[in-house]
Amino acid sequence: YRAAGEYDAAREVLRQLREKYPDDAEVSLLLATLEARTGRTEEAIRQYQATLLALWGPEQLARRRTLRTEFIEFLLAHDEKARALSETLLLAGEITRDAASHVQTGELFLRAGDPARALVQFEAALALNPRDRQTFGRAGDAAFQAGNFRLAARYLGRADADDRTRDLRPIVDAIVAL
């Protein structure tokens with residue numbers, strides 16, 4: 001039904017399945033993506049939350065993290081920063097201990113408006129990969145947004161010269177000089 005554009009029929013079938021299998025994450029996820037596709041934001045949010053609260057086996061935790069990230073992206077795209085921040089806090093408690101996961105979570109914290117927590121994630125990534133010049137740039141940006149200008153200057157001094165760091169360096173240098 002969904003592929004044919006019969007969204008009401010698809011919604012009805014999925015709701016019947018959900019009544020029969022209330023803890024089935026796949027049914028909730030299908031409902032969430034259907035509601036998101038049809039512009040029913042609040043219902044999509046409820047379904048994503050139901051999906052994340054469903055029973056997940058230990059072998060499915062990576063998939064749940066991926067889904068939580070997808071949900072956070074959905075929330076940010078719909079200007080739901082407070083909800084996105086809440087979900088990012090949950091994600092931070094679930095991520096694996098690798099630099100890429102910390103960087104991704106830091107980016108989500110930045111986009112959700114929490115540069116201090118983003119900085120913690122970027123610093124965790126740098127502890128695992130201390131030569132990543134791009135992460136130094138992201139840490140410098142987060143420190144700048146958090147108001148820690150001396151730390152921002154230190155991180156930006158070790159970062160690659162991309163557009164953002166080129167714009168930030170003179171501002172940070174001027175602030176620190178003052």
# chains A, B, ... in the order shown; residues from 1 in each chain; ligands from 1
$ select_by_dssp --residues "segment 18-119 of chain A" --states "helix (DSSP H, G or I)" --output "PyMOL selection string"
chain A and resi 18-20+25-37+41-53+58-77+81-92+99-111+115-119
$ residues_around --residues "Ala100 of chain A" --least-positions-apart "4" --cutoff "9 Å" --atoms "only C-alpha atoms" --output "list in words"
Gln104, Thr105 and Ala125 of chain A
$ residues_around --residues "Leu30 of chain A" --least-positions-apart "4" --cutoff "12 Å" --atoms "only C-alpha atoms" --output "PDB file with all heavy atoms, in the first residue's frame"
ATOM      1  N   ARG A   2       1.901   1.248   0.793  1.00  0.00           N
ATOM      2  CA  ARG A   2       2.768   2.430   0.882  1.00  0.00           C
ATOM      3  C   ARG A   2       3.416   2.726  -0.457  1.00  0.00           C
ATOM      4  O   ARG A   2       3.473   3.864  -0.888  1.00  0.00           O
ATOM      5  CB  ARG A   2       3.810   2.230   1.977  1.00  0.00           C
ATOM      6  CG  ARG A   2       4.570   3.498   2.314  1.00  0.00           C
ATOM      7  CD  ARG A   2       5.445   3.302   3.496  1.00  0.00           C
ATOM      8  NE  ARG A   2       6.618   2.532   3.086  1.00  0.00           N
ATOM      9  CZ  ARG A   2       7.605   2.221   3.873  1.00  0.00           C
ATOM     10  NH1 ARG A   2       7.582   2.554   5.130  1.00  0.00           N
ATOM     11  NH2 ARG A   2       8.633   1.538   3.436  1.00  0.00           N
ATOM     12  N   TYR A   7      -1.573   5.586   1.411  1.00  0.00           N
ATOM     13  CA  TYR A   7      -1.070   5.782   2.767  1.00  0.00           C
ATOM     14  C   TYR A   7      -2.106   5.475   3.851  1.00  0.00           C
ATOM     15  O   TYR A   7      -1.762   4.923   4.898  1.00  0.00           O
ATOM     16  CB  TYR A   7      -0.523   7.197   2.930  1.00  0.00           C
ATOM     17  CG  TYR A   7       0.629   7.483   2.009  1.00  0.00           C
ATOM     18  CD1 TYR A   7       0.605   8.566   1.148  1.00  0.00           C
ATOM     19  CD2 TYR A   7       1.742   6.647   1.980  1.00  0.00           C
ATOM     20  CE1 TYR A   7       1.678   8.816   0.287  1.00  0.00           C
ATOM     21  CE2 TYR A   7       2.804   6.886   1.134  1.00  0.00           C
ATOM     22  CZ  TYR A   7       2.761   7.971   0.286  1.00  0.00           C
ATOM     23  OH  TYR A   7       3.817   8.212  -0.554  1.00  0.00           O
ATOM     24  N   ALA A  10      -2.243   1.728   4.129  1.00  0.00           N
ATOM     25  CA  ALA A  10      -1.013   1.249   4.764  1.00  0.00           C
ATOM     26  C   ALA A  10      -1.042   1.533   6.264  1.00  0.00           C
ATOM     27  O   ALA A  10      -0.680   0.675   7.078  1.00  0.00           O
ATOM     28  CB  ALA A  10       0.204   1.917   4.125  1.00  0.00           C
ATOM     29  N   ARG A  11      -1.498   2.736   6.627  1.00  0.00           N
ATOM     30  CA  ARG A  11      -1.578   3.123   8.034  1.00  0.00           C
ATOM     31  C   ARG A  11      -2.520   2.173   8.789  1.00  0.00           C
ATOM     32  O   ARG A  11      -2.222   1.738   9.897  1.00  0.00           O
ATOM     33  CB  ARG A  11      -2.066   4.562   8.133  1.00  0.00           C
ATOM     34  CG  ARG A  11      -2.056   5.136   9.520  1.00  0.00           C
ATOM     35  CD  ARG A  11      -2.450   6.615   9.536  1.00  0.00           C
ATOM     36  NE  ARG A  11      -1.436   7.432   8.886  1.00  0.00           N
ATOM     37  CZ  ARG A  11      -1.621   8.091   7.728  1.00  0.00           C
ATOM     38  NH1 ARG A  11      -2.772   8.027   7.094  1.00  0.00           N
ATOM     39  NH2 ARG A  11      -0.635   8.809   7.220  1.00  0.00           N
ATOM     40  N   GLU A  12      -3.648   1.838   8.183  1.00  0.00           N
ATOM     41  CA  GLU A  12      -4.622   0.958   8.831  1.00  0.00           C
ATOM     42  C   GLU A  12      -4.053  -0.449   9.043  1.00  0.00           C
ATOM     43  O   GLU A  12      -4.204  -1.029  10.128  1.00  0.00           O
ATOM     44  CB  GLU A  12      -5.917   0.889   8.011  1.00  0.00           C
ATOM     45  CG  GLU A  12      -7.014   0.104   8.674  1.00  0.00           C
ATOM     46  CD  GLU A  12      -7.368   0.601  10.072  1.00  0.00           C
ATOM     47  OE1 GLU A  12      -7.320   1.815  10.337  1.00  0.00           O
ATOM     48  OE2 GLU A  12      -7.687  -0.263  10.921  1.00  0.00           O
ATOM     49  N   VAL A  13      -3.395  -0.997   8.039  1.00  0.00           N
ATOM     50  CA  VAL A  13      -2.783  -2.323   8.173  1.00  0.00           C
ATOM     51  C   VAL A  13      -1.726  -2.311   9.276  1.00  0.00           C
ATOM     52  O   VAL A  13      -1.678  -3.214  10.123  1.00  0.00           O
ATOM     53  CB  VAL A  13      -2.178  -2.793   6.829  1.00  0.00           C
ATOM     54  CG1 VAL A  13      -1.306  -4.025   7.017  1.00  0.00           C
ATOM     55  CG2 VAL A  13      -3.271  -3.059   5.813  1.00  0.00           C
ATOM     56  N   LEU A  14      -0.900  -1.279   9.287  1.00  0.00           N
ATOM     57  CA  LEU A  14       0.156  -1.200  10.299  1.00  0.00           C
ATOM     58  C   LEU A  14      -0.421  -1.015  11.699  1.00  0.00           C
ATOM     59  O   LEU A  14       0.096  -1.586  12.667  1.00  0.00           O
ATOM     60  CB  LEU A  14       1.128  -0.071   9.955  1.00  0.00           C
ATOM     61  CG  LEU A  14       2.016  -0.343   8.743  1.00  0.00           C
ATOM     62  CD1 LEU A  14       2.772   0.904   8.324  1.00  0.00           C
ATOM     63  CD2 LEU A  14       2.987  -1.487   9.032  1.00  0.00           C
ATOM     64  N   ARG A  15      -1.489  -0.251  11.822  1.00  0.00           N
ATOM     65  CA  ARG A  15      -2.120  -0.092  13.145  1.00  0.00           C
ATOM     66  C   ARG A  15      -2.708  -1.413  13.639  1.00  0.00           C
ATOM     67  O   ARG A  15      -2.643  -1.716  14.827  1.00  0.00           O
ATOM     68  CB  ARG A  15      -3.181   0.995  13.086  1.00  0.00           C
ATOM     69  CG  ARG A  15      -2.571   2.375  13.069  1.00  0.00           C
ATOM     70  CD  ARG A  15      -3.596   3.451  13.182  1.00  0.00           C
ATOM     71  NE  ARG A  15      -2.925   4.744  13.180  1.00  0.00           N
ATOM     72  CZ  ARG A  15      -3.499   5.859  12.804  1.00  0.00           C
ATOM     73  NH1 ARG A  15      -4.758   5.863  12.416  1.00  0.00           N
ATOM     74  NH2 ARG A  15      -2.820   6.990  12.830  1.00  0.00           N
ATOM     75  N   LEU A  17      -1.576  -4.368  12.858  1.00  0.00           N
ATOM     76  CA  LEU A  17      -0.414  -5.171  13.269  1.00  0.00           C
ATOM     77  C   LEU A  17       0.119  -4.699  14.619  1.00  0.00           C
ATOM     78  O   LEU A  17       0.522  -5.513  15.454  1.00  0.00           O
ATOM     79  CB  LEU A  17       0.690  -5.084  12.212  1.00  0.00           C
ATOM     80  CG  LEU A  17       0.484  -5.924  10.963  1.00  0.00           C
ATOM     81  CD1 LEU A  17       1.523  -5.562   9.900  1.00  0.00           C
ATOM     82  CD2 LEU A  17       0.566  -7.403  11.314  1.00  0.00           C
ATOM     83  N   ARG A  18       0.105  -3.410  14.837  1.00  0.00           N
ATOM     84  CA  ARG A  18       0.611  -2.871  16.101  1.00  0.00           C
ATOM     85  C   ARG A  18      -0.268  -3.314  17.264  1.00  0.00           C
ATOM     86  O   ARG A  18       0.236  -3.586  18.355  1.00  0.00           O
ATOM     87  CB  ARG A  18       0.695  -1.350  16.034  1.00  0.00           C
ATOM     88  CG  ARG A  18       1.192  -0.741  17.318  1.00  0.00           C
ATOM     89  CD  ARG A  18       2.365   0.143  17.064  1.00  0.00           C
ATOM     90  NE  ARG A  18       2.969   0.536  18.288  1.00  0.00           N
ATOM     91  CZ  ARG A  18       2.814   1.733  18.844  1.00  0.00           C
ATOM     92  NH1 ARG A  18       2.108   2.656  18.255  1.00  0.00           N
ATOM     93  NH2 ARG A  18       3.406   2.003  19.977  1.00  0.00           N
ATOM     94  N   ASP A  24       6.481  -4.881  18.871  1.00  0.00           N
ATOM     95  CA  ASP A  24       7.261  -5.139  17.668  1.00  0.00           C
ATOM     96  C   ASP A  24       7.861  -3.838  17.143  1.00  0.00           C
ATOM     97  O   ASP A  24       7.150  -2.936  16.670  1.00  0.00           O
ATOM     98  CB  ASP A  24       6.379  -5.793  16.598  1.00  0.00           C
ATOM     99  CG  ASP A  24       7.208  -6.292  15.423  1.00  0.00           C
ATOM    100  OD1 ASP A  24       7.958  -5.494  14.847  1.00  0.00           O
ATOM    101  OD2 ASP A  24       7.075  -7.478  15.097  1.00  0.00           O
ATOM    102  N   ALA A  25       9.174  -3.738  17.218  1.00  0.00           N
ATOM    103  CA  ALA A  25       9.872  -2.522  16.785  1.00  0.00           C
ATOM    104  C   ALA A  25       9.713  -2.277  15.288  1.00  0.00           C
ATOM    105  O   ALA A  25       9.620  -1.129  14.853  1.00  0.00           O
ATOM    106  CB  ALA A  25      11.353  -2.621  17.144  1.00  0.00           C
ATOM    107  N   GLU A  26       9.672  -3.325  14.499  1.00  0.00           N
ATOM    108  CA  GLU A  26       9.566  -3.160  13.039  1.00  0.00           C
ATOM    109  C   GLU A  26       8.244  -2.503  12.645  1.00  0.00           C
ATOM    110  O   GLU A  26       8.212  -1.640  11.774  1.00  0.00           O
ATOM    111  CB  GLU A  26       9.710  -4.511  12.330  1.00  0.00           C
ATOM    112  CG  GLU A  26      11.105  -5.073  12.363  1.00  0.00           C
ATOM    113  CD  GLU A  26      12.132  -4.182  11.677  1.00  0.00           C
ATOM    114  OE1 GLU A  26      11.816  -3.574  10.632  1.00  0.00           O
ATOM    115  OE2 GLU A  26      13.247  -4.093  12.206  1.00  0.00           O
ATOM    116  N   LEU A  34       6.170   5.988   7.746  1.00  0.00           N
ATOM    117  CA  LEU A  34       4.971   6.348   6.989  1.00  0.00           C
ATOM    118  C   LEU A  34       4.465   7.720   7.433  1.00  0.00           C
ATOM    119  O   LEU A  34       4.164   8.580   6.589  1.00  0.00           O
ATOM    120  CB  LEU A  34       3.879   5.292   7.187  1.00  0.00           C
ATOM    121  CG  LEU A  34       2.531   5.616   6.539  1.00  0.00           C
ATOM    122  CD1 LEU A  34       2.653   5.588   5.021  1.00  0.00           C
ATOM    123  CD2 LEU A  34       1.478   4.639   7.013  1.00  0.00           C
ATOM    124  N   GLU A  35       4.378   7.928   8.736  1.00  0.00           N
ATOM    125  CA  GLU A  35       3.896   9.212   9.245  1.00  0.00           C
ATOM    126  C   GLU A  35       4.851  10.343   8.872  1.00  0.00           C
ATOM    127  O   GLU A  35       4.417  11.440   8.528  1.00  0.00           O
ATOM    128  CB  GLU A  35       3.695   9.152  10.765  1.00  0.00           C
ATOM    129  CG  GLU A  35       2.719   8.100  11.240  1.00  0.00           C
ATOM    130  CD  GLU A  35       1.286   8.263  10.743  1.00  0.00           C
ATOM    131  OE1 GLU A  35       1.010   9.101   9.867  1.00  0.00           O
ATOM    132  OE2 GLU A  35       0.416   7.519  11.223  1.00  0.00           O
ATOM    133  N   ALA A  36       6.140  10.077   8.906  1.00  0.00           N
ATOM    134  CA  ALA A  36       7.116  11.097   8.511  1.00  0.00           C
ATOM    135  C   ALA A  36       6.961  11.437   7.031  1.00  0.00           C
ATOM    136  O   ALA A  36       6.992  12.614   6.647  1.00  0.00           O
ATOM    137  CB  ALA A  36       8.532  10.605   8.801  1.00  0.00           C
ATOM    138  N   ARG A  37       6.787  10.432   6.220  1.00  0.00           N
ATOM    139  CA  ARG A  37       6.642  10.631   4.776  1.00  0.00           C
ATOM    140  C   ARG A  37       5.388  11.431   4.442  1.00  0.00           C
ATOM    141  O   ARG A  37       5.373  12.200   3.489  1.00  0.00           O
ATOM    142  CB  ARG A  37       6.606   9.287   4.055  1.00  0.00           C
ATOM    143  CG  ARG A  37       6.433   9.427   2.546  1.00  0.00           C
ATOM    144  CD  ARG A  37       6.415   8.107   1.863  1.00  0.00           C
ATOM    145  NE  ARG A  37       7.778   7.584   1.843  1.00  0.00           N
ATOM    146  CZ  ARG A  37       8.095   6.378   1.405  1.00  0.00           C
ATOM    147  NH1 ARG A  37       7.164   5.567   0.967  1.00  0.00           N
ATOM    148  NH2 ARG A  37       9.337   5.985   1.414  1.00  0.00           N
ATOM    149  N   ALA A  44       4.589  10.863  13.789  1.00  0.00           N
ATOM    150  CA  ALA A  44       5.883  10.237  13.479  1.00  0.00           C
ATOM    151  C   ALA A  44       6.765  10.215  14.715  1.00  0.00           C
ATOM    152  O   ALA A  44       7.411   9.202  15.005  1.00  0.00           O
ATOM    153  CB  ALA A  44       6.573  10.984  12.336  1.00  0.00           C
ATOM    154  N   GLN A  47       5.635   7.509  17.023  1.00  0.00           N
ATOM    155  CA  GLN A  47       5.976   6.177  16.524  1.00  0.00           C
ATOM    156  C   GLN A  47       7.476   5.902  16.650  1.00  0.00           C
ATOM    157  O   GLN A  47       7.885   4.782  16.970  1.00  0.00           O
ATOM    158  CB  GLN A  47       5.495   6.001  15.089  1.00  0.00           C
ATOM    159  CG  GLN A  47       3.994   6.049  14.929  1.00  0.00           C
ATOM    160  CD  GLN A  47       3.270   5.028  15.788  1.00  0.00           C
ATOM    161  OE1 GLN A  47       3.758   3.940  16.058  1.00  0.00           O
ATOM    162  NE2 GLN A  47       2.085   5.394  16.247  1.00  0.00           N
ATOM    163  N   TYR A  48       8.303   6.913  16.384  1.00  0.00           N
ATOM    164  CA  TYR A  48       9.749   6.725  16.580  1.00  0.00           C
ATOM    165  C   TYR A  48      10.026   6.401  18.047  1.00  0.00           C
ATOM    166  O   TYR A  48      10.814   5.508  18.363  1.00  0.00           O
ATOM    167  CB  TYR A  48      10.526   7.982  16.180  1.00  0.00           C
ATOM    168  CG  TYR A  48      10.977   8.025  14.746  1.00  0.00           C
ATOM    169  CD1 TYR A  48      10.496   8.996  13.878  1.00  0.00           C
ATOM    170  CD2 TYR A  48      11.903   7.111  14.252  1.00  0.00           C
ATOM    171  CE1 TYR A  48      10.924   9.059  12.553  1.00  0.00           C
ATOM    172  CE2 TYR A  48      12.338   7.163  12.934  1.00  0.00           C
ATOM    173  CZ  TYR A  48      11.841   8.139  12.094  1.00  0.00           C
ATOM    174  OH  TYR A  48      12.278   8.185  10.794  1.00  0.00           O
ATOM    175  N   ALA A  50       7.995   5.050  20.214  1.00  0.00           N
ATOM    176  CA  ALA A  50       7.517   3.689  20.489  1.00  0.00           C
ATOM    177  C   ALA A  50       8.509   2.658  19.964  1.00  0.00           C
ATOM    178  O   ALA A  50       8.762   1.638  20.611  1.00  0.00           O
ATOM    179  CB  ALA A  50       6.140   3.476  19.849  1.00  0.00           C
ATOM    180  N   THR A  51       9.079   2.941  18.804  1.00  0.00           N
ATOM    181  CA  THR A  51      10.065   2.026  18.227  1.00  0.00           C
ATOM    182  C   THR A  51      11.279   1.912  19.130  1.00  0.00           C
ATOM    183  O   THR A  51      11.765   0.811  19.415  1.00  0.00           O
ATOM    184  CB  THR A  51      10.501   2.509  16.826  1.00  0.00           C
ATOM    185  OG1 THR A  51       9.344   2.641  15.999  1.00  0.00           O
ATOM    186  CG2 THR A  51      11.482   1.552  16.197  1.00  0.00           C
ATOM    187  N   LEU A  67      18.903   3.901  14.466  1.00  0.00           N
ATOM    188  CA  LEU A  67      17.544   4.423  14.439  1.00  0.00           C
ATOM    189  C   LEU A  67      17.431   5.686  15.296  1.00  0.00           C
ATOM    190  O   LEU A  67      16.787   6.656  14.904  1.00  0.00           O
ATOM    191  CB  LEU A  67      16.555   3.366  14.919  1.00  0.00           C
ATOM    192  CG  LEU A  67      15.114   3.830  15.021  1.00  0.00           C
ATOM    193  CD1 LEU A  67      14.580   4.254  13.657  1.00  0.00           C
ATOM    194  CD2 LEU A  67      14.255   2.740  15.616  1.00  0.00           C
TER     195      LEU A  67
END
$ residues_around --residues "Glu73 of chain A" --least-positions-apart "3" --cutoff "12 Å" --atoms "only C-alpha atoms" --output "PyMOL selection string"
chain A and resi 36+45+48+66-70+76-81+83-85+87-88+104-105+107-109+111-112
$ closest_residue --among "A:Ala177, A:Leu90, A:Ala139, A:Ala32" --to "Val120 of chain A" --atoms "only C-alpha atoms"
A:Ala139
$ atom_distance --atom1 "atom CA of Asn148 of chain A" --atom2 "atom CA of Leu126 of chain A"
17.5 Å
$ residues_around --residues "Ala153 of chain A" --least-positions-apart "6" --cutoff "10 Å" --atoms "only C-alpha atoms" --output "JSON, numbers by chain"
{"A": [137, 140, 141, 143, 144, 159, 168, 169, 170, 171, 172, 173, 175, 176]}
$ residues_around --residues "segment 131-136 of chain A" --least-positions-apart "2" --cutoff "12 Å" --atoms "only C-alpha atoms" --output "VMD selection string"
chain A and resid 99 to 104 106 to 107 118 to 129 138 to 143 151 to 165
$ atom_distance --atom1 "atom CA of Thr33 of chain A" --atom2 "atom CA of Ser86 of chain A"
20.3 Å
$ atom_distance --atom1 "atom CA of Gly147 of chain A" --atom2 "atom CA of Arg97 of chain A"
27.0 Å
$ closest_residue --among "A:Ala3, A:Leu110, A:Ala82, A:Leu91" --to "Leu52 of chain A" --atoms "only C-alpha atoms"
A:Leu91
